[in-house]
$ cat target31.pdb   # PDB, C-alpha atoms, pLDDT in the B column
MODEL        1
ATOM      1  CA  ARG A   1     103.246  99.782  98.647  1.00 96.00           C
ATOM      2  CA  VAL A   2     102.088 100.430  95.103  1.00 98.00           C
ATOM      3  CA  GLY A   3      99.088 102.526  94.106  1.00 98.00           C
ATOM      4  CA  LEU A   4      97.610 101.121  90.891  1.00 98.00           C
ATOM      5  CA  THR A   5      95.292 103.414  88.963  1.00 97.00           C
ATOM      6  CA  GLY A   6      93.848 104.010  85.526  1.00 95.00           C
ATOM      7  CA  GLY A   7      90.701 105.172  83.812  1.00 93.00           C
ATOM      8  CA  ILE A   8      87.528 103.131  83.717  1.00 92.00           C
ATOM      9  CA  GLY A   9      87.982 100.183  81.355  1.00 93.00           C
ATOM     10  CA  SER A  10      91.777 100.451  81.321  1.00 95.00           C
ATOM     11  CA  GLY A  11      92.267  96.985  82.826  1.00 94.00           C
ATOM     12  CA  LYS A  12      93.177  97.779  86.444  1.00 95.00           C
ATOM     13  CA  SER A  13      91.346  94.729  87.783  1.00 94.00           C
ATOM     14  CA  ALA A  14      93.010  92.462  85.226  1.00 95.00           C
ATOM     15  CA  ALA A  15      96.419  93.879  86.131  1.00 97.00           C
ATOM     16  CA  LEU A  16      95.739  93.497  89.858  1.00 97.00           C
ATOM     17  CA  SER A  17      94.789  89.827  89.437  1.00 97.00           C
ATOM     18  CA  ILE A  18      97.956  89.210  87.394  1.00 97.00           C
ATOM     19  CA  PHE A  19     100.125  90.825  90.083  1.00 98.00           C
ATOM     20  CA  ALA A  20      98.385  88.670  92.700  1.00 97.00           C
ATOM     21  CA  ARG A  21      99.223  85.514  90.736  1.00 96.00           C
ATOM     22  CA  TYR A  22     102.875  86.565  90.664  1.00 96.00           C
ATOM     23  CA  GLY A  23     102.825  86.857  94.467  1.00 96.00           C
ATOM     24  CA  ALA A  24     101.856  90.418  95.375  1.00 97.00           C
ATOM     25  CA  ALA A  25      99.304  91.221  98.043  1.00 97.00           C
ATOM     26  CA  ALA A  26      96.325  92.599  96.098  1.00 98.00           C
ATOM     27  CA  ILE A  27      93.852  95.083  97.575  1.00 98.00           C
ATOM     28  CA  SER A  28      90.939  96.590  95.659  1.00 97.00           C
ATOM     29  CA  LEU A  29      89.389  99.798  96.983  1.00 96.00           C
ATOM     30  CA  ASP A  30      86.243  98.993  94.991  1.00 93.00           C
ATOM     31  CA  ASP A  31      85.998  95.665  96.847  1.00 95.00           C
ATOM     32  CA  ILE A  32      86.505  97.434 100.176  1.00 95.00           C
ATOM     33  CA  ALA A  33      83.795  99.958  99.254  1.00 92.00           C
ATOM     34  CA  HIS A  34      81.386  97.110  98.432  1.00 90.00           C
ATOM     35  CA  GLU A  35      82.141  95.330 101.710  1.00 92.00           C
ATOM     36  CA  LEU A  36      81.631  98.501 103.752  1.00 92.00           C
ATOM     37  CA  SER A  37      78.404  99.335 101.864  1.00 89.00           C
ATOM     38  CA  ARG A  38      76.382  96.561 103.478  1.00 89.00           C
ATOM     39  CA  PRO A  39      73.568  97.729 105.746  1.00 89.00           C
ATOM     40  CA  GLY A  40      74.956  98.850 109.086  1.00 87.00           C
ATOM     41  CA  PHE A  41      78.539  99.210 107.833  1.00 91.00           C
ATOM     42  CA  PRO A  42      80.412 102.559 107.745  1.00 91.00           C
ATOM     43  CA  VAL A  43      79.995 103.419 104.038  1.00 91.00           C
ATOM     44  CA  TYR A  44      76.300 102.529 104.128  1.00 91.00           C
ATOM     45  CA  ARG A  45      75.749 104.819 107.123  1.00 91.00           C
ATOM     46  CA  ALA A  46      77.790 107.647 105.572  1.00 92.00           C
ATOM     47  CA  VAL A  47      75.878 107.514 102.269  1.00 91.00           C
ATOM     48  CA  LEU A  48      72.532 107.395 104.068  1.00 90.00           C
ATOM     49  CA  LYS A  49      73.534 110.467 106.070  1.00 91.00           C
ATOM     50  CA  ALA A  50      74.798 112.351 102.997  1.00 91.00           C
ATOM     51  CA  PHE A  51      72.019 111.480 100.529  1.00 90.00           C
ATOM     52  CA  GLY A  52      69.043 110.376 102.595  1.00 89.00           C
ATOM     53  CA  PRO A  53      66.694 107.382 102.210  1.00 87.00           C
ATOM     54  CA  ALA A  54      66.569 107.693  98.395  1.00 83.00           C
ATOM     55  CA  ALA A  55      70.164 106.387  98.317  1.00 87.00           C
ATOM     56  CA  VAL A  56      69.205 103.001  99.750  1.00 83.00           C
ATOM     57  CA  GLY A  57      67.065 100.137  98.531  1.00 77.00           C
ATOM     58  CA  PRO A  58      65.676  97.018 100.184  1.00 75.00           C
ATOM     59  CA  HIS A  59      69.039  95.200  99.965  1.00 76.00           C
ATOM     60  CA  GLY A  60      71.503  97.999 100.636  1.00 80.00           C
ATOM     61  CA  LEU A  61      72.730 100.996  98.696  1.00 86.00           C
ATOM     62  CA  ASN A  62      70.912 101.860  95.475  1.00 84.00           C
ATOM     63  CA  ARG A  63      74.082 101.932  93.369  1.00 82.00           C
ATOM     64  CA  ALA A  64      72.347 102.682  90.078  1.00 78.00           C
ATOM     65  CA  ALA A  65      70.582 105.741  91.498  1.00 82.00           C
ATOM     66  CA  LEU A  66      73.769 106.951  93.191  1.00 86.00           C
ATOM     67  CA  ALA A  67      75.838 106.493  90.038  1.00 82.00           C
ATOM     68  CA  GLU A  68      73.300 108.399  87.959  1.00 80.00           C
ATOM     69  CA  LYS A  69      73.380 111.258  90.457  1.00 85.00           C
ATOM     70  CA  VAL A  70      77.144 111.526  90.986  1.00 84.00           C
ATOM     71  CA  PHE A  71      78.156 111.180  87.341  1.00 82.00           C
ATOM     72  CA  ARG A  72      75.799 114.034  86.425  1.00 83.00           C
ATOM     73  CA  SER A  73      76.866 116.399  89.198  1.00 87.00           C
ATOM     74  CA  ALA A  74      80.396 117.239  90.333  1.00 85.00           C
ATOM     75  CA  ALA A  75      78.995 118.587  93.616  1.00 90.00           C
ATOM     76  CA  ALA A  76      77.186 115.289  94.326  1.00 89.00           C
ATOM     77  CA  ARG A  77      80.332 113.361  93.436  1.00 88.00           C
ATOM     78  CA  ARG A  78      82.399 115.419  95.890  1.00 90.00           C
ATOM     79  CA  ARG A  79      79.743 114.894  98.592  1.00 92.00           C
ATOM     80  CA  LEU A  80      79.879 111.135  98.025  1.00 91.00           C
ATOM     81  CA  GLU A  81      83.677 111.088  98.144  1.00 91.00           C
ATOM     82  CA  ARG A  82      83.766 113.126 101.362  1.00 91.00           C
ATOM     83  CA  ALA A  83      81.281 110.710 102.896  1.00 92.00           C
ATOM     84  CA  VAL A  84      82.877 107.397 101.941  1.00 92.00           C
ATOM     85  CA  HIS A  85      86.615 107.911 101.442  1.00 94.00           C
ATOM     86  CA  PRO A  86      87.593 108.156 105.143  1.00 94.00           C
ATOM     87  CA  ALA A  87      86.173 104.701 105.956  1.00 94.00           C
ATOM     88  CA  ILE A  88      87.658 103.147 102.813  1.00 95.00           C
ATOM     89  CA  LEU A  89      91.101 104.629 103.507  1.00 96.00           C
ATOM     90  CA  ARG A  90      91.022 103.439 107.132  1.00 96.00           C
ATOM     91  CA  GLU A  91      90.343  99.884 105.983  1.00 97.00           C
ATOM     92  CA  MET A  92      93.037 100.106 103.280  1.00 97.00           C
ATOM     93  CA  ARG A  93      95.590 101.273 105.847  1.00 97.00           C
ATOM     94  CA  ARG A  94      94.575  98.467 108.212  1.00 97.00           C
ATOM     95  CA  ARG A  95      95.088  95.857 105.479  1.00 97.00           C
ATOM     96  CA  LEU A  96      98.425  97.342 104.404  1.00 97.00           C
ATOM     97  CA  ALA A  97      99.646  97.384 108.022  1.00 97.00           C
ATOM     98  CA  ALA A  98      98.714  93.705 108.385  1.00 97.00           C
ATOM     99  CA  CYS A  99     100.348  92.726 105.072  1.00 96.00           C
ATOM    100  CA  ARG A 100     103.451  90.537 105.335  1.00 94.00           C
ATOM    101  CA  LYS A 101     104.334  90.354 101.632  1.00 95.00           C
ATOM    102  CA  SER A 102     107.163  92.455 100.264  1.00 95.00           C
ATOM    103  CA  VAL A 103     104.934  93.993  97.566  1.00 97.00           C
ATOM    104  CA  ALA A 104     101.364  95.169  98.166  1.00 98.00           C
ATOM    105  CA  ILE A 105      99.394  96.602  95.257  1.00 98.00           C
ATOM    106  CA  VAL A 106      96.244  98.654  95.799  1.00 98.00           C
ATOM    107  CA  ASP A 107      93.786  99.185  92.932  1.00 97.00           C
ATOM    108  CA  ALA A 108      92.719 102.801  93.545  1.00 96.00           C
ATOM    109  CA  PRO A 109      90.670 104.179  90.632  1.00 92.00           C
ATOM    110  CA  LEU A 110      90.703 107.776  91.977  1.00 91.00           C
ATOM    111  CA  LEU A 111      94.257 107.679  93.308  1.00 95.00           C
ATOM    112  CA  PHE A 112      95.207 111.099  91.945  1.00 95.00           C
ATOM    113  CA  GLU A 113      91.757 112.670  91.733  1.00 92.00           C
ATOM    114  CA  SER A 114      91.231 112.133  95.464  1.00 90.00           C
ATOM    115  CA  GLY A 115      94.750 113.150  96.454  1.00 91.00           C
ATOM    116  CA  PHE A 116      96.003 110.113  98.354  1.00 91.00           C
ATOM    117  CA  SER A 117      98.901 109.052  96.155  1.00 95.00           C
ATOM    118  CA  SER A 118     101.234 109.970  99.043  1.00 95.00           C
ATOM    119  CA  GLU A 119     100.014 106.801 100.810  1.00 96.00           C
ATOM    120  CA  PHE A 120     102.209 104.782  98.423  1.00 97.00           C
ATOM    121  CA  ASP A 121     105.892 104.256  97.687  1.00 95.00           C
ATOM    122  CA  LEU A 122     105.223 103.926  93.951  1.00 95.00           C
ATOM    123  CA  THR A 123     102.313 104.735  91.637  1.00 97.00           C
ATOM    124  CA  LEU A 124     101.506 102.839  88.450  1.00 97.00           C
ATOM    125  CA  ALA A 125      98.971 103.919  85.810  1.00 97.00           C
ATOM    126  CA  VAL A 126      97.312 101.307  83.596  1.00 97.00           C
ATOM    127  CA  THR A 127      96.492 102.905  80.242  1.00 95.00           C
ATOM    128  CA  ALA A 128      94.547 101.902  77.148  1.00 94.00           C
ATOM    129  CA  PRO A 129      93.164 103.759  74.121  1.00 94.00           C
ATOM    130  CA  LYS A 130      89.924 105.607  74.906  1.00 93.00           C
ATOM    131  CA  SER A 131      88.038 103.785  72.150  1.00 93.00           C
ATOM    132  CA  GLU A 132      89.078 100.430  73.607  1.00 93.00           C
ATOM    133  CA  ARG A 133      88.139 101.481  77.134  1.00 93.00           C
ATOM    134  CA  LEU A 134      84.750 102.679  75.911  1.00 93.00           C
ATOM    135  CA  ARG A 135      84.096  99.378  74.125  1.00 92.00           C
ATOM    136  CA  ARG A 136      85.143  97.324  77.167  1.00 93.00           C
ATOM    137  CA  VAL A 137      82.919  99.200  79.613  1.00 92.00           C
ATOM    138  CA  MET A 138      79.888  99.216  77.308  1.00 93.00           C
ATOM    139  CA  ARG A 139      80.228  95.455  76.882  1.00 92.00           C
ATOM    140  CA  ARG A 140      81.018  94.758  80.558  1.00 91.00           C
ATOM    141  CA  ASP A 141      78.319  96.951  82.119  1.00 87.00           C
ATOM    142  CA  GLY A 142      75.680  96.919  79.376  1.00 87.00           C
ATOM    143  CA  ALA A 143      75.876 100.709  79.480  1.00 86.00           C
ATOM    144  CA  GLY A 144      75.210 103.209  76.705  1.00 90.00           C
ATOM    145  CA  ARG A 145      77.943 105.266  75.102  1.00 92.00           C
ATOM    146  CA  ALA A 146      76.795 108.570  76.647  1.00 91.00           C
ATOM    147  CA  GLN A 147      76.649 107.026  80.119  1.00 88.00           C
ATOM    148  CA  VAL A 148      80.177 105.627  79.851  1.00 90.00           C
ATOM    149  CA  LEU A 149      81.537 108.909  78.489  1.00 91.00           C
ATOM    150  CA  ARG A 150      80.049 110.746  81.502  1.00 88.00           C
ATOM    151  CA  ARG A 151      81.825 108.315  83.813  1.00 87.00           C
ATOM    152  CA  MET A 152      85.082 108.807  81.919  1.00 91.00           C
ATOM    153  CA  ALA A 153      84.714 112.590  82.184  1.00 88.00           C
ATOM    154  CA  ALA A 154      84.567 112.292  85.986  1.00 84.00           C
ATOM    155  CA  GLN A 155      88.150 110.917  86.024  1.00 89.00           C
ATOM    156  CA  PHE A 156      91.481 112.312  84.943  1.00 92.00           C
ATOM    157  CA  THR A 157      92.480 111.457  81.383  1.00 92.00           C
ATOM    158  CA  ASP A 158      95.087 108.785  80.672  1.00 90.00           C
ATOM    159  CA  GLU A 159      97.493 111.579  79.750  1.00 92.00           C
ATOM    160  CA  LYS A 160      97.041 113.257  83.124  1.00 95.00           C
ATOM    161  CA  LYS A 161      97.335 109.987  85.061  1.00 95.00           C
ATOM    162  CA  ARG A 162     100.434 109.076  83.033  1.00 94.00           C
ATOM    163  CA  SER A 163     102.043 112.421  83.864  1.00 95.00           C
ATOM    164  CA  LEU A 164     101.361 111.998  87.601  1.00 97.00           C
ATOM    165  CA  ALA A 165     102.304 108.318  87.938  1.00 97.00           C
ATOM    166  CA  ASP A 166     105.795 107.013  88.548  1.00 97.00           C
ATOM    167  CA  ALA A 167     105.358 104.444  85.777  1.00 96.00           C
ATOM    168  CA  GLU A 168     102.886 103.379  83.083  1.00 96.00           C
ATOM    169  CA  LEU A 169     101.575  99.885  82.361  1.00 96.00           C
ATOM    170  CA  PRO A 170     100.123  99.939  78.816  1.00 95.00           C
ATOM    171  CA  ASN A 171      97.186  97.608  78.220  1.00 95.00           C
ATOM    172  CA  ASN A 172      96.656  98.105  74.522  1.00 89.00           C
ATOM    173  CA  GLY A 173      97.264  94.576  73.314  1.00 82.00           C
ATOM    174  CA  SER A 174      96.535  91.023  74.310  1.00 88.00           C
ATOM    175  CA  ARG A 175      96.184  89.574  77.807  1.00 90.00           C
ATOM    176  CA  ALA A 176      99.523  87.815  77.222  1.00 94.00           C
ATOM    177  CA  SER A 177     101.279  91.128  76.580  1.00 94.00           C
ATOM    178  CA  LEU A 178      99.744  92.627  79.728  1.00 95.00           C
ATOM    179  CA  LYS A 179     100.973  89.615  81.724  1.00 96.00           C
ATOM    180  CA  ALA A 180     104.481  89.954  80.299  1.00 95.00           C
ATOM    181  CA  ARG A 181     104.660  93.668  81.114  1.00 95.00           C
ATOM    182  CA  ALA A 182     103.225  93.108  84.586  1.00 96.00           C
ATOM    183  CA  ARG A 183     105.801  90.375  85.249  1.00 96.00           C
ATOM    184  CA  GLU A 184     108.629  92.801  84.498  1.00 96.00           C
ATOM    185  CA  PHE A 185     107.123  95.425  86.788  1.00 96.00           C
ATOM    186  CA  TYR A 186     106.645  92.869  89.548  1.00 97.00           C
ATOM    187  CA  ARG A 187     110.275  91.760  89.313  1.00 95.00           C
ATOM    188  CA  ALA A 188     111.382  95.393  89.595  1.00 95.00           C
ATOM    189  CA  MET A 189     109.082  95.968  92.584  1.00 95.00           C
ATOM    190  CA  ARG A 190     110.489  92.916  94.337  1.00 94.00           C
ATOM    191  CA  LEU A 191     114.026  94.191  93.787  1.00 93.00           C
ATOM    192  CA  ILE A 192     113.124  97.630  95.188  1.00 91.00           C
ATOM    193  CA  ALA A 193     111.396  96.061  98.205  1.00 91.00           C
ATOM    194  CA  ASN A 194     114.322  93.730  98.928  1.00 86.00           C
ATOM    195  CA  ARG A 195     116.855  96.554  98.701  1.00 85.00           C
ATOM    196  CA  SER A 196     114.829  98.831 100.971  1.00 76.00           C
ATOM    197  CA  ASN A 197     114.576  96.021 103.522  1.00 64.00           C
TER     198      ASN A 197
ENDMDL
END
$ encode --input "target31.pdb" --output "structure tokens"
Amino acid sequence: RVGLTGGIGSGKSAALSIFARYGAAAISLDDIAHELSRPGFPVYRAVLKAFGPAAVGPHGLNRAALAEKVFRSAAARRRLERAVHPAILREMRRRLAACRKSVAIVDAPLLFESGFSSEFDLTLAVTAPKSERLRRVMRRDGAGRAQVLRRMAAQFTDEKKRSLADAELPNNGSRASLKARAREFYRAMRLIANRSN
């Protein structure tokens, strides 16, 4: 069980999809959060309880309003995390328990910030230069520089994640170089899994 993390724009999703193509079970906590955020589902109910009707729109959670609130206030961010993390972690554990592959990789953006790295046998930090991450997120999300920098400030730095992780997966080059590095990591993970079995 591998916890995959990294700052916003580092390339976690790209790395996760590469690992999946090599044969790993791939789980995204962001995807789980989106699934559980539908009206009537656990995250939706928890956010409604924590933030009131202003947090929801006609089609579910008002993500833009929530993001604006939590990336401006550490207290609001902690309230959101306390509300939603238990349901997300329960679903992650359910999926890991049902997994039959020798390597399962979970994309967990706040792996260290939220203190659940102990759920995993190995942790891997995807890193990229801050300027590159900033450019990627601005282009991907159509967000302004100040907005992206606020989001970055809500997470640990690459240096901190690197120091806490068992290994680092640099993503500072081409997609081909990321694939090559990921392939080597996946081979090592398979060897570890086979030996432990």
$ residues_around --input "target31.pdb" --residues "range 89-97 of chain A" --least-positions-apart "6" --cutoff "12 Å" --atoms "all atoms listed in the file" --output "PyMOL selection string"
chain A and resi 1-3+24-33+35-36+41-43+81-83+103-108+110-111+114-117+119-120
$ closest_residue --input "target31.pdb" --among "A:Tyr22, A:Phe51, A:Phe71, A:Tyr44" --to "Gln147 in chain A" --atoms "only C-alpha atoms"
A:Phe71
$ resolve_selection --input "target31.pdb" --expression "the PyMOL selection byres ((chain A and resi 54-67) around 9)" --output "number ranges by chain"
A: 37-39, 44, 47-48, 50-53, 68-72, 77, 80, 151
$ resolve_selection --input "target31.pdb" --expression "the PyMOL selection byres ((chain A and resi 162) around 12)" --output "CSV table (one decimal) with C-alpha atoms, keeping the file's coordinate frame"
chain,number,residue,atom,x,y,z
A,4,LEU,CA,97.6,101.1,90.9
A,5,THR,CA,95.3,103.4,89.0
A,6,GLY,CA,93.8,104.0,85.5
A,7,GLY,CA,90.7,105.2,83.8
A,112,PHE,CA,95.2,111.1,91.9
A,123,THR,CA,102.3,104.7,91.6
A,124,LEU,CA,101.5,102.8,88.4
A,125,ALA,CA,99.0,103.9,85.8
A,126,VAL,CA,97.3,101.3,83.6
A,127,THR,CA,96.5,102.9,80.2
A,128,ALA,CA,94.5,101.9,77.1
A,156,PHE,CA,91.5,112.3,84.9
A,157,THR,CA,92.5,111.5,81.4
A,158,ASP,CA,95.1,108.8,80.7
A,159,GLU,CA,97.5,111.6,79.8
A,160,LYS,CA,97.0,113.3,83.1
A,161,LYS,CA,97.3,110.0,85.1
A,163,SER,CA,102.0,112.4,83.9
A,164,LEU,CA,101.4,112.0,87.6
A,165,ALA,CA,102.3,108.3,87.9
A,166,ASP,CA,105.8,107.0,88.5
A,167,ALA,CA,105.4,104.4,85.8
A,168,GLU,CA,102.9,103.4,83.1
A,169,LEU,CA,101.6,99.9,82.4
A,170,PRO,CA,100.1,99.9,78.8
$ resolve_selection --input "target31.pdb" --expression "the PyMOL selection byres ((chain A and resi 137-140) around 12)" --output "PDB file with C-alpha atoms, keeping the file's coordinate frame"
ATOM      1  CA  GLY A   7      90.701 105.172  83.812  1.00 93.00           C
ATOM      2  CA  ILE A   8      87.528 103.131  83.717  1.00 92.00           C
ATOM      3  CA  GLY A   9      87.982 100.183  81.355  1.00 93.00           C
ATOM      4  CA  SER A  10      91.777 100.451  81.321  1.00 95.00           C
ATOM      5  CA  GLY A  11      92.267  96.985  82.826  1.00 94.00           C
ATOM      6  CA  LYS A 130      89.924 105.607  74.906  1.00 93.00           C
ATOM      7  CA  SER A 131      88.038 103.785  72.150  1.00 93.00           C
ATOM      8  CA  GLU A 132      89.078 100.430  73.607  1.00 93.00           C
ATOM      9  CA  ARG A 133      88.139 101.481  77.134  1.00 93.00           C
ATOM     10  CA  LEU A 134      84.750 102.679  75.911  1.00 93.00           C
ATOM     11  CA  ARG A 135      84.096  99.378  74.125  1.00 92.00           C
ATOM     12  CA  ARG A 136      85.143  97.324  77.167  1.00 93.00           C
ATOM     13  CA  ASP A 141      78.319  96.951  82.119  1.00 87.00           C
ATOM     14  CA  GLY A 142      75.680  96.919  79.376  1.00 87.00           C
ATOM     15  CA  ALA A 143      75.876 100.709  79.480  1.00 86.00           C
ATOM     16  CA  GLY A 144      75.210 103.209  76.705  1.00 90.00           C
ATOM     17  CA  ARG A 145      77.943 105.266  75.102  1.00 92.00           C
ATOM     18  CA  ALA A 146      76.795 108.570  76.647  1.00 91.00           C
ATOM     19  CA  GLN A 147      76.649 107.026  80.119  1.00 88.00           C
ATOM     20  CA  VAL A 148      80.177 105.627  79.851  1.00 90.00           C
ATOM     21  CA  LEU A 149      81.537 108.909  78.489  1.00 91.00           C
ATOM     22  CA  ARG A 151      81.825 108.315  83.813  1.00 87.00           C
ATOM     23  CA  MET A 152      85.082 108.807  81.919  1.00 91.00           C
TER      24      MET A 152
END
$ atom_distance --input "target31.pdb" --atom1 "CA of Arg181 in chain A" --atom2 "CA of Ser196 in chain A"
22.9 Å
$ atom_distance --input "target31.pdb" --atom1 "CA of Ile192 in chain A" --atom2 "CA of Ala98 in chain A"
19.9 Å
$ closest_residue --input "target31.pdb" --among "A:Ser177, A:Gln155, A:Ser118, A:Ser102" --to "Ala15 in chain A" --atoms "all atoms listed in the file"
A:Ser177
$ axis_aligned_box --input "target31.pdb" --around "range 181-194 of chain A" --padding-each-side "5 Å" --output "JSON"
{"center_x": 108.8, "center_y": 94.0, "center_z": 90.0, "size_x": 21.1, "size_y": 17.3, "size_z": 27.8}
$ build_atoms --input "target31.pdb" --residues "range 20-36 of chain A" --atoms "N, CA and C atoms" --output "PDB file, keeping the file's coordinate frame"
ATOM      1  N   ALA A  20      98.668  89.598  91.599  1.00 97.00           N
ATOM      2  CA  ALA A  20      98.385  88.670  92.700  1.00 97.00           C
ATOM      3  C   ALA A  20      98.898  87.275  92.372  1.00 97.00           C
ATOM      4  N   ARG A  21      98.743  86.841  91.122  1.00 96.00           N
ATOM      5  CA  ARG A  21      99.223  85.514  90.736  1.00 96.00           C
ATOM      6  C   ARG A  21     100.750  85.441  90.796  1.00 96.00           C
ATOM      7  N   TYR A  22     101.420  86.554  90.568  1.00 96.00           N
ATOM      8  CA  TYR A  22     102.875  86.565  90.664  1.00 96.00           C
ATOM      9  C   TYR A  22     103.356  86.605  92.110  1.00 96.00           C
ATOM     10  N   GLY A  23     102.448  86.903  93.065  1.00 96.00           N
ATOM     11  CA  GLY A  23     102.825  86.857  94.467  1.00 96.00           C
ATOM     12  C   GLY A  23     102.603  88.118  95.267  1.00 96.00           C
ATOM     13  N   ALA A  24     102.106  89.174  94.636  1.00 97.00           N
ATOM     14  CA  ALA A  24     101.856  90.418  95.375  1.00 97.00           C
ATOM     15  C   ALA A  24     100.595  90.292  96.219  1.00 97.00           C
ATOM     16  N   ALA A  25     100.563  91.045  97.319  1.00 97.00           N
ATOM     17  CA  ALA A  25      99.304  91.221  98.043  1.00 97.00           C
ATOM     18  C   ALA A  25      98.453  92.164  97.207  1.00 97.00           C
ATOM     19  N   ALA A  26      97.204  91.811  96.965  1.00 98.00           N
ATOM     20  CA  ALA A  26      96.325  92.599  96.098  1.00 98.00           C
ATOM     21  C   ALA A  26      95.141  93.120  96.895  1.00 98.00           C
ATOM     22  N   ILE A  27      94.957  94.434  96.861  1.00 98.00           N
ATOM     23  CA  ILE A  27      93.852  95.083  97.575  1.00 98.00           C
ATOM     24  C   ILE A  27      93.095  95.945  96.579  1.00 98.00           C
ATOM     25  N   SER A  28      91.785  95.788  96.541  1.00 97.00           N
ATOM     26  CA  SER A  28      90.939  96.590  95.659  1.00 97.00           C
ATOM     27  C   SER A  28      90.096  97.536  96.490  1.00 97.00           C
ATOM     28  N   LEU A  29      90.215  98.842  96.240  1.00 96.00           N
ATOM     29  CA  LEU A  29      89.389  99.798  96.983  1.00 96.00           C
ATOM     30  C   LEU A  29      87.922  99.662  96.606  1.00 96.00           C
ATOM     31  N   ASP A  30      87.639  99.250  95.362  1.00 93.00           N
ATOM     32  CA  ASP A  30      86.243  98.993  94.991  1.00 93.00           C
ATOM     33  C   ASP A  30      85.671  97.854  95.820  1.00 93.00           C
ATOM     34  N   ASP A  31      86.463  96.790  96.027  1.00 95.00           N
ATOM     35  CA  ASP A  31      85.998  95.665  96.847  1.00 95.00           C
ATOM     36  C   ASP A  31      85.765  96.106  98.292  1.00 95.00           C
ATOM     37  N   ILE A  32      86.684  96.922  98.812  1.00 95.00           N
ATOM     38  CA  ILE A  32      86.505  97.434 100.176  1.00 95.00           C
ATOM     39  C   ILE A  32      85.225  98.257 100.267  1.00 95.00           C
ATOM     40  N   ALA A  33      85.004  99.122  99.263  1.00 92.00           N
ATOM     41  CA  ALA A  33      83.795  99.958  99.254  1.00 92.00           C
ATOM     42  C   ALA A  33      82.540  99.091  99.264  1.00 92.00           C
ATOM     43  N   HIS A  34      82.550  98.004  98.463  1.00 90.00           N
ATOM     44  CA  HIS A  34      81.386  97.110  98.432  1.00 90.00           C
ATOM     45  C   HIS A  34      81.176  96.438  99.789  1.00 90.00           C
ATOM     46  N   GLU A  35      82.251  95.989 100.407  1.00 92.00           N
ATOM     47  CA  GLU A  35      82.141  95.330 101.710  1.00 92.00           C
ATOM     48  C   GLU A  35      81.587  96.277 102.771  1.00 92.00           C
ATOM     49  N   LEU A  36      82.053  97.528 102.744  1.00 92.00           N
ATOM     50  CA  LEU A  36      81.631  98.501 103.752  1.00 92.00           C
ATOM     51  C   LEU A  36      80.292  99.148 103.426  1.00 92.00           C
TER      52      LEU A  36
END
